[in-house]
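See below for the structure under consideration.
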Amino acid sequence: MILKREDSAMQILLVEDDHILCEFLEQLLHQEGHRVTVSTSGPAGLEALRAGPFDMMILDRMLPGLDGLHLLQQARREGFTLPVLMLTALGAPADKVEGLDAGADDYLAKPFDAAELLARLRALARSRSGGYGVLVRCGDAALDAGARLLTGPGGRCEVSGREAALLAFLFRNAGQVLPRELLLDRVWGADSEVEEGNLNNYIFFARRRLLQVGSRLQIQTVRGLGYRVWEC
């Protein structure tokens, strides 16, 4: 049996309103070792993307609430540069041109071959070196989660993928008290069996990273509630 390398696993956002197709894609991607977050409408997909981070997005065009083209255009305006594979029944050449011009990195028409879909995702991952590619700023610090680099007044340091996910979510919600359960869900995934002690460890790591780059940001423990980021 060939074991998959842990660092090849991706956090993928799947935005698709066909529940049968969602179940198939989730199973397919899980078998490849990837973690999948599913959104079944345009507004929910955009909200999930903002709450990320994600390494890749698979996006349908015809979605309730906000179609895939407008979702993608808005995401690009907000600075998200993660690779996007548009997966849709609209497969005419003009449709493909429209999707690519809106910001998609690749375009695959339904019905599709599962092996081809996986190959296209691997190609996108290689071309973009993983990472969701948006710079997240908070106070005097900036996080490039794609490159896994944290920068502050005192320099820069590399962070792990999990540290990047935690810091990105804290930075995006600076000033808000984030419950422990929410952090576990957004950083590790709702279906993970992670223990709360792991969160304590990664909060410690994140605080140490901020000190390492000379940032004034503090990760405050709010007893009985969770954590929040603030600048002292």
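Here's how to read the names in the structure tokens: chain A, B, ... by the order shown, residue numbers from 1 in each chain, ligand numbers from 1 in the order shown.
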
Backbone DSSP call of helix (DSSP H, G or I) for stretch 121-168 of chain A, listed as a PyMOL selection string: chain A and resi 121-128+161-168

How would the residues just chosen look if you wrote them out with N, CA and C atoms as a PDB file, in the first residue's frame?
ATOM      1  N   LEU A 121      -6.344  19.012 -10.189  1.00  0.00           N
ATOM      2  CA  LEU A 121      -6.069  19.584  -8.869  1.00  0.00           C
ATOM      3  C   LEU A 121      -4.591  19.475  -8.531  1.00  0.00           C
ATOM      4  N   ARG A 122      -3.975  18.330  -8.855  1.00  0.00           N
ATOM      5  CA  ARG A 122      -2.542  18.174  -8.590  1.00  0.00           C
ATOM      6  C   ARG A 122      -1.726  19.175  -9.402  1.00  0.00           C
ATOM      7  N   ALA A 123      -2.128  19.390 -10.645  1.00  0.00           N
ATOM      8  CA  ALA A 123      -1.415  20.341 -11.492  1.00  0.00           C
ATOM      9  C   ALA A 123      -1.532  21.761 -10.941  1.00  0.00           C
ATOM     10  N   LEU A 124      -2.730  22.127 -10.482  1.00  0.00           N
ATOM     11  CA  LEU A 124      -2.912  23.453  -9.897  1.00  0.00           C
ATOM     12  C   LEU A 124      -2.076  23.612  -8.637  1.00  0.00           C
ATOM     13  N   ALA A 125      -2.036  22.566  -7.814  1.00  0.00           N
ATOM     14  CA  ALA A 125      -1.257  22.626  -6.580  1.00  0.00           C
ATOM     15  C   ALA A 125       0.226  22.799  -6.889  1.00  0.00           C
ATOM     16  N   ARG A 126       0.719  22.093  -7.910  1.00  0.00           N
ATOM     17  CA  ARG A 126       2.129  22.230  -8.270  1.00  0.00           C
ATOM     18  C   ARG A 126       2.426  23.628  -8.790  1.00  0.00           C
ATOM     19  N   SER A 127       1.528  24.157  -9.592  1.00  0.00           N
ATOM     20  CA  SER A 127       1.787  25.461 -10.216  1.00  0.00           C
ATOM     21  C   SER A 127       1.741  26.604  -9.221  1.00  0.00           C
ATOM     22  N   ARG A 128       0.990  26.415  -8.142  1.00  0.00           N
ATOM     23  CA  ARG A 128       0.850  27.505  -7.169  1.00  0.00           C
ATOM     24  C   ARG A 128       1.537  27.204  -5.851  1.00  0.00           C
ATOM     25  N   GLY A 161       1.956  24.841   8.848  1.00  0.00           N
ATOM     26  CA  GLY A 161       0.653  25.006   8.225  1.00  0.00           C
ATOM     27  C   GLY A 161      -0.449  25.216   9.238  1.00  0.00           C
ATOM     28  N   ARG A 162      -0.401  24.481  10.342  1.00  0.00           N
ATOM     29  CA  ARG A 162      -1.423  24.619  11.382  1.00  0.00           C
ATOM     30  C   ARG A 162      -1.311  25.970  12.072  1.00  0.00           C
ATOM     31  N   GLU A 163      -0.078  26.430  12.329  1.00  0.00           N
ATOM     32  CA  GLU A 163       0.116  27.751  12.922  1.00  0.00           C
ATOM     33  C   GLU A 163      -0.407  28.832  11.993  1.00  0.00           C
ATOM     34  N   ALA A 164      -0.167  28.663  10.694  1.00  0.00           N
ATOM     35  CA  ALA A 164      -0.661  29.640   9.718  1.00  0.00           C
ATOM     36  C   ALA A 164      -2.181  29.691   9.722  1.00  0.00           C
ATOM     37  N   ALA A 165      -2.830  28.525   9.780  1.00  0.00           N
ATOM     38  CA  ALA A 165      -4.290  28.482   9.797  1.00  0.00           C
ATOM     39  C   ALA A 165      -4.838  29.171  11.041  1.00  0.00           C
ATOM     40  N   LEU A 166      -4.220  28.913  12.187  1.00  0.00           N
ATOM     41  CA  LEU A 166      -4.677  29.520  13.439  1.00  0.00           C
ATOM     42  C   LEU A 166      -4.467  31.027  13.425  1.00  0.00           C
ATOM     43  N   LEU A 167      -3.277  31.470  13.039  1.00  0.00           N
ATOM     44  CA  LEU A 167      -2.990  32.903  13.017  1.00  0.00           C
ATOM     45  C   LEU A 167      -3.883  33.631  12.010  1.00  0.00           C
ATOM     46  N   ALA A 168      -4.120  33.016  10.855  1.00  0.00           N
ATOM     47  CA  ALA A 168      -4.967  33.653   9.839  1.00  0.00           C
ATOM     48  C   ALA A 168      -6.367  33.886  10.377  1.00  0.00           C
TER      49      ALA A 168
END

Which of stretch 48-184 of chain A end up as strand (DSSP E or B) when DSSP is run on this backbone - answer as an MDAnalysis selection string? chainID A and resid 56:59 84:88 106:109 135:138 141:144 149:152 155:158 178:179

Contacts between stretch 37-46 of chain A and stretch 138-187 of chain A, please, where a residue of stretch 138-187 of chain A counts if it comes within 12 Å (with only C-alpha atoms); show its shortest atom pair and distance in Å to one decimal, rows by chain and ascending number, as a Markdown table.
| residue | atom | partner | partner_atom | distance |
| --- | --- | --- | --- | --- |
| A:Asp185 | CA | A:Thr37 | CA | 10.7 |
| A:Arg186 | CA | A:Thr37 | CA | 9.7 |
| A:Val187 | CA | A:Thr37 | CA | 11.5 |

Output N, CA and C atoms for every residue in the selection just made, as a CSV table (one decimal), in the first residue's frame.
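Ended up saving to result06.csv:
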chain,number,residue,atom,x,y,z
A,185,ASP,N,-13.0,24.0,15.2
A,185,ASP,CA,-13.7,23.6,14.0
A,185,ASP,C,-13.1,24.2,12.8
A,186,ARG,N,-12.7,25.5,12.9
A,186,ARG,CA,-12.1,26.2,11.7
A,186,ARG,C,-10.7,25.8,11.4
A,187,VAL,N,-9.9,25.5,12.4
A,187,VAL,CA,-8.5,25.2,12.2
A,187,VAL,C,-8.2,23.7,11.9

For a quick check of understanding, using only C-alpha atoms, which of A:Val136, A:Asp18, A:Ile12, A:Arg148 has the smallest distance to A:Pro83?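 With only C-alpha atoms as the atom set, the closest residue is A:Ile12.
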
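Distance annotation: of A:Ala119, A:Leu13, A:Leu28, A:Ala94, the residue with the minimal separation from A:Met57 is A:Leu13; atom set is only C-alpha atoms.
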
How far is it from atom CA of A:Met86 to atom CA of A:Tyr107, in Å with one decimal? 4.7 Å

Here is a test: counting only C-alpha atoms, which residue of A:Leu59, A:Ile203, A:Leu108, A:Leu29 is nearest to A:Gln218? A:Ile203

With a distance cut-off of 9 Å and only C-alpha atoms, select the neighbouring residues of A:Arg180, excluding the residue or stretch itself and same-chain residues fewer than 5 positions from it, and output the selection as an NGL selection string. :A and (185 or 196 or 199 or 225-227)

Contacts of A:Ala102 at 10 Å or less, counting only C-alpha atoms, minus same-chain residues fewer than 6 places along, as JSON, numbers by chain? {"A": [68, 69, 70, 71, 72, 73, 74, 76, 96]}

Pull N, CA and C atoms from the residues just selected and write them as an mmCIF file, in the first residue's frame.
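In the end it all went to again-v1.cif:
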data_model
loop_
_atom_site.group_PDB
_atom_site.id
_atom_site.type_symbol
_atom_site.label_atom_id
_atom_site.label_comp_id
_atom_site.auth_asym_id
_atom_site.auth_seq_id
_atom_site.Cartn_x
_atom_site.Cartn_y
_atom_site.Cartn_z
ATOM 1 N N GLY A 68 -21.472 31.505 -9.315
ATOM 2 C CA GLY A 68 -20.054 31.255 -9.159
ATOM 3 C C GLY A 68 -19.161 32.315 -9.761
ATOM 4 N N LEU A 69 -19.554 32.888 -10.892
ATOM 5 C CA LEU A 69 -18.743 33.930 -11.516
ATOM 6 C C LEU A 69 -18.606 35.141 -10.604
ATOM 7 N N HIS A 70 -19.731 35.593 -10.038
ATOM 8 C CA HIS A 70 -19.681 36.767 -9.173
ATOM 9 C C HIS A 70 -18.968 36.463 -7.857
ATOM 10 N N LEU A 71 -19.143 35.246 -7.355
ATOM 11 C CA LEU A 71 -18.413 34.854 -6.149
ATOM 12 C C LEU A 71 -16.910 34.941 -6.396
ATOM 13 N N LEU A 72 -16.481 34.394 -7.525
ATOM 14 C CA LEU A 72 -15.050 34.381 -7.841
ATOM 15 C C LEU A 72 -14.521 35.786 -8.061
ATOM 16 N N GLN A 73 -15.266 36.597 -8.765
ATOM 17 C CA GLN A 73 -14.828 37.978 -8.991
ATOM 18 C C GLN A 73 -14.672 38.732 -7.670
ATOM 19 N N GLN A 74 -15.627 38.533 -6.750
ATOM 20 C CA GLN A 74 -15.539 39.182 -5.454
ATOM 21 C C GLN A 74 -14.335 38.672 -4.670
ATOM 22 N N ARG A 76 -11.524 37.503 -5.833
ATOM 23 C CA ARG A 76 -10.296 38.066 -6.403
ATOM 24 C C ARG A 76 -10.133 39.530 -6.014
ATOM 25 N N LYS A 96 -16.329 28.740 -20.979
ATOM 26 C CA LYS A 96 -14.990 28.550 -20.425
ATOM 27 C C LYS A 96 -14.210 29.863 -20.428
#

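Using only C-alpha atoms, the nearest neighbour of A:Leu63 within the list A:Glu195, A:Asp140, A:Asp17, A:Asp113 is A:Asp17.
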
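Nearest residue to A:Val177, choosing from A:Val229, A:Leu25, A:Val213, A:Cys138 and counting only C-alpha atoms: A:Val229.
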
Coordinates-based distance that separates atom CA of A:Leu85 from atom CA of A:Asp106 (Å, one decimal): 4.8 Å

Restricting to only C-alpha atoms, whichever of A:Ala114, A:Ala206, A:Gly103, A:Gly214 is closest to A:Gly155 is A:Gly214

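If you look at atom CA of A:Leu182 and atom CA of A:Arg156, they are 27.9 Å away from each other.
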